[in-house]
file protein_25.cif (mmCIF, C-alpha atoms)
data_entry
loop_
_atom_site.label_atom_id
_atom_site.label_comp_id
_atom_site.auth_asym_id
_atom_site.auth_seq_id
_atom_site.Cartn_x
_atom_site.Cartn_y
_atom_site.Cartn_z
CA MET X 1 -40.46 49.86 -142.19
CA ARG X 2 -38.99 47.35 -144.61
CA VAL X 3 -39.64 43.64 -144.00
CA LEU X 4 -38.16 40.55 -145.66
CA LEU X 5 -40.61 37.63 -145.45
CA VAL X 6 -39.08 34.21 -146.18
CA GLU X 7 -41.95 31.70 -146.37
CA ASP X 8 -42.37 28.74 -148.74
CA GLU X 9 -46.16 28.39 -148.35
CA VAL X 10 -47.21 30.72 -151.14
CA ARG X 11 -50.79 31.34 -149.95
CA LEU X 12 -49.68 32.00 -146.38
CA ALA X 13 -46.89 34.26 -147.58
CA GLU X 14 -49.35 36.33 -149.61
CA THR X 15 -51.78 36.56 -146.68
CA VAL X 16 -49.01 37.72 -144.33
CA ARG X 17 -47.61 40.10 -146.95
CA GLN X 18 -50.98 41.76 -147.51
CA GLY X 19 -51.61 42.08 -143.79
CA LEU X 20 -48.21 43.67 -143.22
CA VAL X 21 -48.73 46.05 -146.14
CA ASP X 22 -52.10 47.07 -144.68
CA ALA X 23 -50.31 47.73 -141.37
CA GLY X 24 -47.86 50.09 -143.06
CA PHE X 25 -44.90 47.78 -143.73
CA ASN X 26 -42.97 47.61 -147.01
CA VAL X 27 -42.68 43.86 -147.65
CA GLU X 28 -40.45 41.77 -149.93
CA VAL X 29 -41.28 38.05 -150.19
CA VAL X 30 -39.04 35.13 -151.17
CA HIS X 31 -39.86 31.43 -150.91
CA THR X 32 -36.58 29.51 -150.42
CA GLY X 33 -33.73 29.50 -147.93
CA PRO X 34 -30.99 30.44 -150.45
CA ASP X 35 -33.12 33.30 -151.83
CA GLY X 36 -33.74 34.54 -148.30
CA LEU X 37 -30.03 34.44 -147.45
CA TRP X 38 -29.14 36.29 -150.64
CA ALA X 39 -31.78 38.99 -150.13
CA ALA X 40 -30.87 39.53 -146.46
CA THR X 41 -27.16 39.92 -147.23
CA GLU X 42 -27.54 42.04 -150.38
CA ASN X 43 -30.28 44.42 -149.16
CA THR X 44 -31.14 46.35 -146.02
CA TYR X 45 -34.25 45.52 -143.98
CA ASP X 46 -35.62 46.65 -140.64
CA VAL X 47 -36.72 43.12 -139.71
CA ILE X 48 -36.77 39.60 -141.19
CA VAL X 49 -39.64 37.10 -140.80
CA LEU X 50 -38.06 33.71 -141.39
CA ASP X 51 -39.80 30.34 -141.63
CA ILE X 52 -37.80 27.35 -140.33
CA MET X 53 -38.90 24.66 -142.80
CA LEU X 54 -37.67 26.06 -146.13
CA PRO X 55 -36.57 24.39 -149.38
CA GLY X 56 -32.88 24.56 -150.21
CA MET X 57 -31.72 25.70 -146.77
CA SER X 58 -33.49 25.68 -143.41
CA GLY X 59 -34.38 28.86 -141.59
CA TYR X 60 -32.00 27.77 -138.82
CA ARG X 61 -29.12 27.68 -141.28
CA VAL X 62 -30.14 30.96 -142.93
CA CYS X 63 -30.14 32.70 -139.53
CA GLU X 64 -26.81 31.12 -138.58
CA ARG X 65 -25.21 32.20 -141.87
CA LEU X 66 -26.49 35.76 -141.46
CA ARG X 67 -24.94 36.04 -138.00
CA GLU X 68 -21.69 34.47 -139.22
CA THR X 69 -21.41 37.17 -141.89
CA GLY X 70 -22.19 39.98 -139.46
CA VAL X 71 -25.78 40.69 -140.58
CA TRP X 72 -27.59 41.61 -137.36
CA THR X 73 -31.00 42.56 -138.74
CA PRO X 74 -33.61 41.44 -136.16
CA VAL X 75 -35.04 38.00 -137.06
CA LEU X 76 -38.43 36.59 -136.06
CA MET X 77 -38.66 32.84 -136.68
CA LEU X 78 -42.06 31.72 -137.95
CA THR X 79 -42.75 28.00 -137.78
CA ALA X 80 -45.21 25.17 -137.26
CA LYS X 81 -42.84 23.55 -134.75
CA ASP X 82 -43.69 24.19 -131.09
CA GLY X 83 -41.08 22.35 -129.01
CA GLU X 84 -39.01 24.16 -126.42
CA TYR X 85 -35.83 22.73 -127.95
CA ASP X 86 -36.82 24.16 -131.33
CA GLN X 87 -37.20 27.59 -129.74
CA ALA X 88 -33.93 27.25 -127.87
CA ASP X 89 -32.10 26.25 -131.06
CA ALA X 90 -33.52 29.29 -132.86
CA PHE X 91 -32.26 31.64 -130.13
CA ASP X 92 -28.91 29.83 -129.96
CA LEU X 93 -28.43 30.51 -133.67
CA GLY X 94 -29.14 34.23 -133.34
CA ALA X 95 -32.90 34.68 -133.73
CA ASP X 96 -34.48 37.55 -131.79
CA ASP X 97 -38.05 36.24 -131.49
CA TYR X 98 -40.13 33.14 -132.28
CA LEU X 99 -43.78 32.74 -133.27
CA THR X 100 -45.62 29.45 -133.79
CA LYS X 101 -48.22 28.81 -136.51
CA PRO X 102 -51.13 29.35 -136.36
CA PHE X 103 -50.52 32.80 -134.91
CA SER X 104 -52.42 35.94 -134.11
CA PHE X 105 -51.77 38.60 -136.73
CA VAL X 106 -52.13 41.27 -134.05
CA VAL X 107 -49.34 39.58 -132.06
CA LEU X 108 -47.14 39.30 -135.16
CA ILE X 109 -47.50 43.03 -135.86
CA ALA X 110 -46.77 43.91 -132.23
CA ARG X 111 -43.66 41.74 -132.12
CA LEU X 112 -42.32 43.11 -135.41
CA ARG X 113 -42.79 46.68 -134.22
CA ALA X 114 -41.03 45.83 -130.96
CA LEU X 115 -38.09 44.33 -132.88
CA VAL X 116 -37.89 47.37 -135.14
CA ARG X 117 -37.90 49.72 -132.13
CA ARG X 118 -35.11 47.67 -130.55
CA GLY X 119 -33.09 47.79 -133.76
CA ALA X 120 -30.14 45.66 -134.83
CA PRO X 121 -27.84 44.79 -131.92
CA VAL X 122 -24.26 45.96 -131.83
CA ARG X 123 -21.79 43.34 -133.03
CA PRO X 124 -20.61 41.47 -129.93
CA ALA X 125 -16.96 41.64 -128.92
CA VAL X 126 -14.76 38.60 -129.37
CA LEU X 127 -14.31 36.75 -126.08
CA GLU X 128 -10.88 35.40 -125.17
CA VAL X 129 -9.58 33.14 -122.41
CA GLY X 130 -5.98 32.17 -122.90
CA GLY X 131 -5.61 30.66 -126.37
CA LEU X 132 -9.39 30.16 -126.68
CA THR X 133 -11.42 32.77 -128.60
CA LEU X 134 -15.16 32.91 -129.29
CA ASP X 135 -16.72 35.31 -131.78
CA PRO X 136 -20.51 35.51 -131.13
CA ALA X 137 -21.20 37.38 -134.38
CA ARG X 138 -19.40 34.89 -136.63
CA ARG X 139 -20.38 31.90 -134.46
CA ARG X 140 -16.72 30.85 -134.52
CA VAL X 141 -14.52 29.27 -131.85
CA GLU X 142 -10.74 28.98 -132.21
CA ILE X 143 -8.03 27.41 -130.06
CA ASP X 144 -4.58 28.85 -130.76
CA GLY X 145 -5.86 30.07 -134.11
CA GLU X 146 -7.44 26.78 -135.23
CA GLU X 147 -11.23 26.58 -135.58
CA THR X 148 -13.15 24.16 -133.35
CA ARG X 149 -16.63 23.09 -134.45
CA LEU X 150 -19.35 23.18 -131.78
CA THR X 151 -23.06 22.40 -131.79
CA PRO X 152 -25.38 25.36 -131.05
CA ARG X 153 -25.86 24.18 -127.45
CA GLU X 154 -22.13 23.64 -126.90
CA PHE X 155 -21.50 27.10 -128.32
CA ALA X 156 -24.06 28.70 -125.98
CA LEU X 157 -22.59 26.91 -122.95
CA LEU X 158 -19.05 27.92 -123.82
CA GLU X 159 -20.10 31.52 -124.41
CA PHE X 160 -21.77 31.65 -120.99
CA LEU X 161 -18.70 30.19 -119.27
CA MET X 162 -16.37 32.59 -121.11
CA ARG X 163 -18.45 35.61 -120.15
CA ARG X 164 -18.08 34.45 -116.54
CA ALA X 165 -14.44 33.34 -116.89
CA GLY X 166 -12.76 32.92 -113.51
CA ASP X 167 -16.05 32.71 -111.62
CA ALA X 168 -17.61 29.53 -110.26
CA VAL X 169 -21.09 29.19 -111.74
CA SER X 170 -23.74 26.78 -110.50
CA LYS X 171 -25.58 24.22 -112.59
CA THR X 172 -28.78 26.14 -111.84
CA GLU X 173 -27.29 29.31 -113.36
CA ILE X 174 -26.14 27.37 -116.40
CA LEU X 175 -29.54 25.79 -116.95
CA ALA X 176 -31.32 29.14 -116.61
CA ASN X 177 -29.00 30.91 -119.06
CA VAL X 178 -28.14 28.19 -121.58
CA TRP X 179 -31.30 26.09 -121.52
CA ASP X 180 -34.37 27.65 -119.90
CA ALA X 181 -35.38 28.88 -116.46
CA HIS X 182 -38.19 26.29 -116.49
CA TYR X 183 -36.14 23.40 -117.90
CA GLU X 184 -37.49 20.06 -116.66
CA GLY X 185 -35.33 17.61 -118.60
CA PRO X 186 -32.60 15.24 -117.36
CA ALA X 187 -30.72 16.61 -114.35
CA ASN X 188 -27.33 15.58 -115.71
CA VAL X 189 -27.58 17.48 -119.00
CA VAL X 190 -25.07 20.12 -117.80
CA GLU X 191 -22.49 17.44 -116.91
CA VAL X 192 -22.99 15.82 -120.31
CA TYR X 193 -22.37 19.05 -122.23
CA VAL X 194 -19.45 20.07 -120.05
CA GLY X 195 -17.92 16.70 -120.96
CA TYR X 196 -18.46 17.42 -124.65
CA LEU X 197 -16.76 20.81 -124.32
CA ARG X 198 -13.83 19.43 -122.34
CA ARG X 199 -13.07 16.98 -125.13
CA LYS X 200 -13.39 19.61 -127.84
CA ILE X 201 -11.29 22.34 -126.24
CA GLY X 202 -8.60 19.79 -125.48
CA ARG X 203 -8.17 19.78 -121.72
CA GLU X 204 -9.95 17.79 -119.00
CA GLY X 205 -11.03 19.92 -116.04
CA ARG X 206 -9.49 19.66 -112.60
CA ASP X 207 -11.70 18.82 -109.62
CA THR X 208 -11.34 21.57 -106.99
CA GLY X 209 -12.79 22.22 -103.59
CA ALA X 210 -15.56 24.76 -103.07
CA SER X 211 -13.19 26.83 -100.93
CA SER X 212 -11.22 27.75 -104.07
CA ALA X 213 -14.28 29.13 -105.87
CA GLY X 214 -12.94 32.71 -105.97
CA PRO X 215 -11.60 34.47 -109.08
CA SER X 216 -8.80 32.67 -110.90
CA ASN X 217 -6.01 33.83 -113.17
CA VAL X 218 -7.30 33.62 -116.74
CA SER X 219 -4.19 34.87 -118.50
CA GLY X 220 -2.61 31.48 -119.30
CA ARG X 221 -2.50 29.71 -122.64
CA ARG X 222 -4.75 26.67 -122.30
CA PRO X 223 -8.45 26.79 -121.34
CA VAL X 224 -9.80 24.33 -118.80
CA ILE X 225 -13.24 23.80 -117.28
CA GLU X 226 -12.80 23.07 -113.59
CA THR X 227 -15.35 21.21 -111.50
CA VAL X 228 -15.89 23.12 -108.26
CA ARG X 229 -17.29 20.63 -105.76
CA GLY X 230 -20.55 21.73 -104.21
CA VAL X 231 -20.82 24.71 -106.60
CA GLY X 232 -20.60 23.91 -110.30
CA TYR X 233 -18.00 24.79 -112.91
CA ARG X 234 -15.41 27.45 -113.67
CA LEU X 235 -13.58 28.25 -116.91
CA VAL X 236 -9.95 29.31 -116.46
CA ALA X 237 -6.80 29.33 -118.55
CA SER X 238 -3.92 27.30 -117.22
CA ASP X 239 -0.26 27.31 -118.18
#

call {"tool": "encode", "arguments": {"input": "protein_25.cif", "output": "structure tokens"}}
result
Amino acid sequence: MRVLLVEDEVRLAETVRQGLVDAGFNVEVVHTGPDGLWAATENTYDVIVLDIMLPGMSGYRVCERLRETGVWTPVLMLTAKDGEYDQADAFDLGADDYLTKPFSFVVLIARLRALVRRGAPVRPAVLEVGGLTLDPARRRVEIDGEETRLTPREFALLEFLMRRAGDAVSKTEILANVWDAHYEGPANVVEVYVGYLRRKIGREGRDTGASSAGPSNVSGRRPVIETVRGVGYRLVASD
């Protein structure tokens, strides 16, 4: 099994490399973000171990660039940061697993083997609602052919709404799928991000009654996020 280890702490990188070699892995080590991006796009690996805090380019950006270019090699983020938002950002950008320093080497080996068994995921299909398209692999959103820039959290929220296009989804469902099932932050965070998305996709949502929460026609040209009173939100395409 071939591993790319991207870690700027030279002594730690050598310790991890030797341990992986002893466990039967074939390991290549680089120490900067740009070198990691180049190696991962020019060569084939079974799994990538990617530190977040890297010189030249962060691990977040390296992972994002890999997914944008269609490289779906499994990525395990290795970092000293331990916040839930850091983990969520890593997953939003396409990471497959996350391990915090200091870590158990036994756990690292187990997680790498699990990622290798799972293999690289199939490139996701492009989602489309009216004139709005979202490409999960390239991390790209377009409205009528023009790219719209979104933050990782905005992107994750829009992807969830597009996968459920026409359905009313509750704030609880959104929090569980876009944030975390155990999220304990501000209660209005969903409303805040829906507002961000409404401004960026160019249409303010209509306020509808809960009785209209059934499937909607999503074949129109312009996307709109409706507020369904007593339920949550629904993404449709209106004329």

call {"tool": "resolve_selection", "arguments": {"input": "protein_25.cif", "expression": "the PyMOL selection byres ((chain X and resi 168) around 6)", "output": "JSON, numbers by chain"}}
result
{"X": [167, 169, 213, 233, 234]}

call {"tool": "closest_atom_pairs", "arguments": {"input": "protein_25.cif", "of": "segment 21-111 of chain X", "to": "segment 7-13 of chain X", "cutoff": "7 Å", "atoms": "only C-alpha atoms", "output": "JSON lines"}}
result
{"residue": "X:Val30", "atom": "CA", "partner": "X:Glu7", "partner_atom": "CA", "distance": 6.6}
{"residue": "X:His31", "atom": "CA", "partner": "X:Asp8", "partner_atom": "CA", "distance": 4.3}
{"residue": "X:Thr32", "atom": "CA", "partner": "X:Asp8", "partner_atom": "CA", "distance": 6.1}
{"residue": "X:Leu50", "atom": "CA", "partner": "X:Glu7", "partner_atom": "CA", "distance": 6.6}
{"residue": "X:Asp51", "atom": "CA", "partner": "X:Glu7", "partner_atom": "CA", "distance": 5.4}
{"residue": "X:Leu54", "atom": "CA", "partner": "X:Asp8", "partner_atom": "CA", "distance": 6.0}

call {"tool": "resolve_selection", "arguments": {"input": "protein_25.cif", "expression": "the PyMOL selection byres ((chain X and resi 174) around 10)", "output": "PyMOL selection string"}}
result
chain X and resi 156-157+160-161+169-173+175-181+190+232-233

call {"tool": "write_last_selection", "arguments": {"input": "protein_25.cif", "atoms": "C-alpha atoms", "output": "PDB file, in the frame of the given file"}}
result
ATOM      1  CA  ALA X 156     -24.060  28.700-125.980  1.00  0.00           C
ATOM      2  CA  LEU X 157     -22.590  26.910-122.950  1.00  0.00           C
ATOM      3  CA  PHE X 160     -21.770  31.650-120.990  1.00  0.00           C
ATOM      4  CA  LEU X 161     -18.700  30.190-119.270  1.00  0.00           C
ATOM      5  CA  VAL X 169     -21.090  29.190-111.740  1.00  0.00           C
ATOM      6  CA  SER X 170     -23.740  26.780-110.500  1.00  0.00           C
ATOM      7  CA  LYS X 171     -25.580  24.220-112.590  1.00  0.00           C
ATOM      8  CA  THR X 172     -28.780  26.140-111.840  1.00  0.00           C
ATOM      9  CA  GLU X 173     -27.290  29.310-113.360  1.00  0.00           C
ATOM     10  CA  LEU X 175     -29.540  25.790-116.950  1.00  0.00           C
ATOM     11  CA  ALA X 176     -31.320  29.140-116.610  1.00  0.00           C
ATOM     12  CA  ASN X 177     -29.000  30.910-119.060  1.00  0.00           C
ATOM     13  CA  VAL X 178     -28.140  28.190-121.580  1.00  0.00           C
ATOM     14  CA  TRP X 179     -31.300  26.090-121.520  1.00  0.00           C
ATOM     15  CA  ASP X 180     -34.370  27.650-119.900  1.00  0.00           C
ATOM     16  CA  ALA X 181     -35.380  28.880-116.460  1.00  0.00           C
ATOM     17  CA  VAL X 190     -25.070  20.120-117.800  1.00  0.00           C
ATOM     18  CA  GLY X 232     -20.600  23.910-110.300  1.00  0.00           C
ATOM     19  CA  TYR X 233     -18.000  24.790-112.910  1.00  0.00           C
TER      20      TYR X 233
END

call {"tool": "residues_around", "arguments": {"input": "protein_25.cif", "residues": "Thr41 of chain X", "least_positions_apart": "2", "cutoff": "9 Å", "atoms": "only C-alpha atoms", "output": "PyMOL selection string"}}
result
chain X and resi 36-39+43-44+66+69+71

call {"tool": "axis_aligned_box", "arguments": {"input": "protein_25.cif", "around": "segment 223-238 of chain X", "padding_each_side": "3 Å", "output": "AutoDock Vina command-line options"}}
result
--center_x -12.4 --center_y 25.0 --center_z -112.8 --size_x 22.9 --size_y 14.7 --size_z 23.1

call {"tool": "resolve_selection", "arguments": {"input": "protein_25.cif", "expression": "the PyMOL selection byres ((chain X and resi 141) around 12)", "output": "PDB file with C-alpha atoms, in the frame of the given file"}}
result
ATOM      1  CA  GLU X  68     -21.690  34.470-139.220  1.00  0.00           C
ATOM      2  CA  VAL X 126     -14.760  38.600-129.370  1.00  0.00           C
ATOM      3  CA  LEU X 127     -14.310  36.750-126.080  1.00  0.00           C
ATOM      4  CA  GLU X 128     -10.880  35.400-125.170  1.00  0.00           C
ATOM      5  CA  VAL X 129      -9.580  33.140-122.410  1.00  0.00           C
ATOM      6  CA  GLY X 131      -5.610  30.660-126.370  1.00  0.00           C
ATOM      7  CA  LEU X 132      -9.390  30.160-126.680  1.00  0.00           C
ATOM      8  CA  THR X 133     -11.420  32.770-128.600  1.00  0.00           C
ATOM      9  CA  LEU X 134     -15.160  32.910-129.290  1.00  0.00           C
ATOM     10  CA  ASP X 135     -16.720  35.310-131.780  1.00  0.00           C
ATOM     11  CA  PRO X 136     -20.510  35.510-131.130  1.00  0.00           C
ATOM     12  CA  ALA X 137     -21.200  37.380-134.380  1.00  0.00           C
ATOM     13  CA  ARG X 138     -19.400  34.890-136.630  1.00  0.00           C
ATOM     14  CA  ARG X 139     -20.380  31.900-134.460  1.00  0.00           C
ATOM     15  CA  ARG X 140     -16.720  30.850-134.520  1.00  0.00           C
ATOM     16  CA  GLU X 142     -10.740  28.980-132.210  1.00  0.00           C
ATOM     17  CA  ILE X 143      -8.030  27.410-130.060  1.00  0.00           C
ATOM     18  CA  ASP X 144      -4.580  28.850-130.760  1.00  0.00           C
ATOM     19  CA  GLY X 145      -5.860  30.070-134.110  1.00  0.00           C
ATOM     20  CA  GLU X 146      -7.440  26.780-135.230  1.00  0.00           C
ATOM     21  CA  GLU X 147     -11.230  26.580-135.580  1.00  0.00           C
ATOM     22  CA  THR X 148     -13.150  24.160-133.350  1.00  0.00           C
ATOM     23  CA  ARG X 149     -16.630  23.090-134.450  1.00  0.00           C
ATOM     24  CA  LEU X 150     -19.350  23.180-131.780  1.00  0.00           C
ATOM     25  CA  THR X 151     -23.060  22.400-131.790  1.00  0.00           C
ATOM     26  CA  PRO X 152     -25.380  25.360-131.050  1.00  0.00           C
ATOM     27  CA  GLU X 154     -22.130  23.640-126.900  1.00  0.00           C
ATOM     28  CA  PHE X 155     -21.500  27.100-128.320  1.00  0.00           C
ATOM     29  CA  ALA X 156     -24.060  28.700-125.980  1.00  0.00           C
ATOM     30  CA  LEU X 158     -19.050  27.920-123.820  1.00  0.00           C
ATOM     31  CA  GLU X 159     -20.100  31.520-124.410  1.00  0.00           C
ATOM     32  CA  MET X 162     -16.370  32.590-121.110  1.00  0.00           C
ATOM     33  CA  LEU X 197     -16.760  20.810-124.320  1.00  0.00           C
ATOM     34  CA  LYS X 200     -13.390  19.610-127.840  1.00  0.00           C
ATOM     35  CA  ILE X 201     -11.290  22.340-126.240  1.00  0.00           C
TER      36      ILE X 201
END

call {"tool": "atom_distance", "arguments": {"input": "protein_25.cif", "atom1": "atom CA of Arg111 of chain X", "atom2": "atom CA of Asp97 of chain X"}}
result
7.9 Å

call {"tool": "atom_distance", "arguments": {"input": "protein_25.cif", "atom1": "atom CA of Val116 of chain X", "atom2": "atom CA of Ala80 of chain X"}}
result
23.5 Å

call {"tool": "atom_distance", "arguments": {"input": "protein_25.cif", "atom1": "atom CA of Arg117 of chain X", "atom2": "atom CA of Asp35 of chain X"}}
result
26.1 Å

call {"tool": "residues_around", "arguments": {"input": "protein_25.cif", "residues": "Phe91 of chain X", "least_positions_apart": "6", "cutoff": "10 Å", "atoms": "only C-alpha atoms", "output": "tab-separated table (two decimals) with C-alpha atoms, keeping the file's coordinate frame"}}
result
chain	number	residue	atom	x	y	z
X	60	TYR	CA	-32.00	27.77	-138.82
X	63	CYS	CA	-30.14	32.70	-139.53
X	75	VAL	CA	-35.04	38.00	-137.06
X	76	LEU	CA	-38.43	36.59	-136.06
X	77	MET	CA	-38.66	32.84	-136.68
X	85	TYR	CA	-35.83	22.73	-127.95
X	97	ASP	CA	-38.05	36.24	-131.49
X	98	TYR	CA	-40.13	33.14	-132.28
X	152	PRO	CA	-25.38	25.36	-131.05
X	156	ALA	CA	-24.06	28.70	-125.98

call {"tool": "closest_residue", "arguments": {"input": "protein_25.cif", "among": "X:Leu108, X:Leu115, X:Glu14, X:Gly70", "to": "Asp96 of chain X", "atoms": "only C-alpha atoms"}}
result
X:Leu115

call {"tool": "residues_around", "arguments": {"input": "protein_25.cif", "residues": "segment 21-29 of chain X", "least_positions_apart": "5", "cutoff": "6 Å", "atoms": "all atoms listed in the file", "output": "ChimeraX atom specification"}}
result
/X:1-6

call {"tool": "residues_around", "arguments": {"input": "protein_25.cif", "residues": "Arg118 of chain X", "least_positions_apart": "4", "cutoff": "9 Å", "atoms": "all atoms listed in the file", "output": "ChimeraX atom specification"}}
result
/X:74,113-114

call {"tool": "closest_residue", "arguments": {"input": "protein_25.cif", "among": "X:Gly195, X:Pro186, X:Gly59, X:Gly230", "to": "Ala90 of chain X", "atoms": "only C-alpha atoms"}}
result
X:Gly59

call {"tool": "closest_residue", "arguments": {"input": "protein_25.cif", "among": "X:Val189, X:Leu78, X:Ile109, X:Leu235", "to": "Pro223 of chain X", "atoms": "all atoms listed in the file"}}
result
X:Leu235

call {"tool": "closest_residue", "arguments": {"input": "protein_25.cif", "among": "X:Val49, X:Ile225, X:Val106, X:Val236", "to": "Gly166 of chain X", "atoms": "all atoms listed in the file"}}
result
X:Val236

call {"tool": "decode", "arguments": {"input": "protein_25.cif", "residues": "segment 221-236 of chain X", "atoms": "N, CA and C atoms", "output": "PDB file, in the first residue's frame"}}
result
ATOM      1  N   ARG X 221     -35.998  28.099 -14.137  1.00  0.00           N
ATOM      2  CA  ARG X 221     -34.671  28.621 -14.411  1.00  0.00           C
ATOM      3  C   ARG X 221     -33.952  29.148 -13.184  1.00  0.00           C
ATOM      4  N   ARG X 222     -34.666  29.781 -12.242  1.00  0.00           N
ATOM      5  CA  ARG X 222     -33.992  30.465 -11.161  1.00  0.00           C
ATOM      6  C   ARG X 222     -34.172  29.741  -9.830  1.00  0.00           C
ATOM      7  N   PRO X 223     -33.074  29.454  -9.104  1.00  0.00           N
ATOM      8  CA  PRO X 223     -33.194  28.775  -7.817  1.00  0.00           C
ATOM      9  C   PRO X 223     -33.670  29.727  -6.728  1.00  0.00           C
ATOM     10  N   VAL X 224     -34.417  29.210  -5.782  1.00  0.00           N
ATOM     11  CA  VAL X 224     -34.881  30.004  -4.664  1.00  0.00           C
ATOM     12  C   VAL X 224     -34.991  29.113  -3.432  1.00  0.00           C
ATOM     13  N   ILE X 225     -34.572  29.633  -2.289  1.00  0.00           N
ATOM     14  CA  ILE X 225     -34.707  28.892  -1.031  1.00  0.00           C
ATOM     15  C   ILE X 225     -35.948  29.422  -0.324  1.00  0.00           C
ATOM     16  N   GLU X 226     -36.965  28.601  -0.258  1.00  0.00           N
ATOM     17  CA  GLU X 226     -38.204  28.985   0.406  1.00  0.00           C
ATOM     18  C   GLU X 226     -38.116  28.707   1.903  1.00  0.00           C
ATOM     19  N   THR X 227     -38.750  29.567   2.680  1.00  0.00           N
ATOM     20  CA  THR X 227     -38.947  29.302   4.100  1.00  0.00           C
ATOM     21  C   THR X 227     -40.313  28.643   4.259  1.00  0.00           C
ATOM     22  N   VAL X 228     -40.335  27.447   4.809  1.00  0.00           N
ATOM     23  CA  VAL X 228     -41.590  26.728   5.034  1.00  0.00           C
ATOM     24  C   VAL X 228     -41.921  26.858   6.518  1.00  0.00           C
ATOM     25  N   ARG X 229     -42.909  27.676   6.831  1.00  0.00           N
ATOM     26  CA  ARG X 229     -43.221  27.971   8.230  1.00  0.00           C
ATOM     27  C   ARG X 229     -43.534  26.702   9.012  1.00  0.00           C
ATOM     28  N   GLY X 230     -42.911  26.588  10.175  1.00  0.00           N
ATOM     29  CA  GLY X 230     -43.133  25.438  11.037  1.00  0.00           C
ATOM     30  C   GLY X 230     -42.352  24.200  10.631  1.00  0.00           C
ATOM     31  N   VAL X 231     -41.601  24.283   9.522  1.00  0.00           N
ATOM     32  CA  VAL X 231     -40.850  23.115   9.032  1.00  0.00           C
ATOM     33  C   VAL X 231     -39.368  23.446   8.893  1.00  0.00           C
ATOM     34  N   GLY X 232     -39.049  24.332   7.959  1.00  0.00           N
ATOM     35  CA  GLY X 232     -37.646  24.655   7.704  1.00  0.00           C
ATOM     36  C   GLY X 232     -37.488  25.363   6.379  1.00  0.00           C
ATOM     37  N   TYR X 233     -36.768  24.720   5.449  1.00  0.00           N
ATOM     38  CA  TYR X 233     -36.471  25.349   4.173  1.00  0.00           C
ATOM     39  C   TYR X 233     -36.626  24.341   3.023  1.00  0.00           C
ATOM     40  N   ARG X 234     -36.798  24.898   1.826  1.00  0.00           N
ATOM     41  CA  ARG X 234     -36.925  24.058   0.638  1.00  0.00           C
ATOM     42  C   ARG X 234     -36.308  24.795  -0.532  1.00  0.00           C
ATOM     43  N   LEU X 235     -35.453  24.092  -1.295  1.00  0.00           N
ATOM     44  CA  LEU X 235     -34.839  24.664  -2.492  1.00  0.00           C
ATOM     45  C   LEU X 235     -35.656  24.257  -3.710  1.00  0.00           C
ATOM     46  N   VAL X 236     -36.120  25.238  -4.460  1.00  0.00           N
ATOM     47  CA  VAL X 236     -36.857  24.970  -5.703  1.00  0.00           C
ATOM     48  C   VAL X 236     -36.300  25.866  -6.788  1.00  0.00           C
TER      49      VAL X 236
END
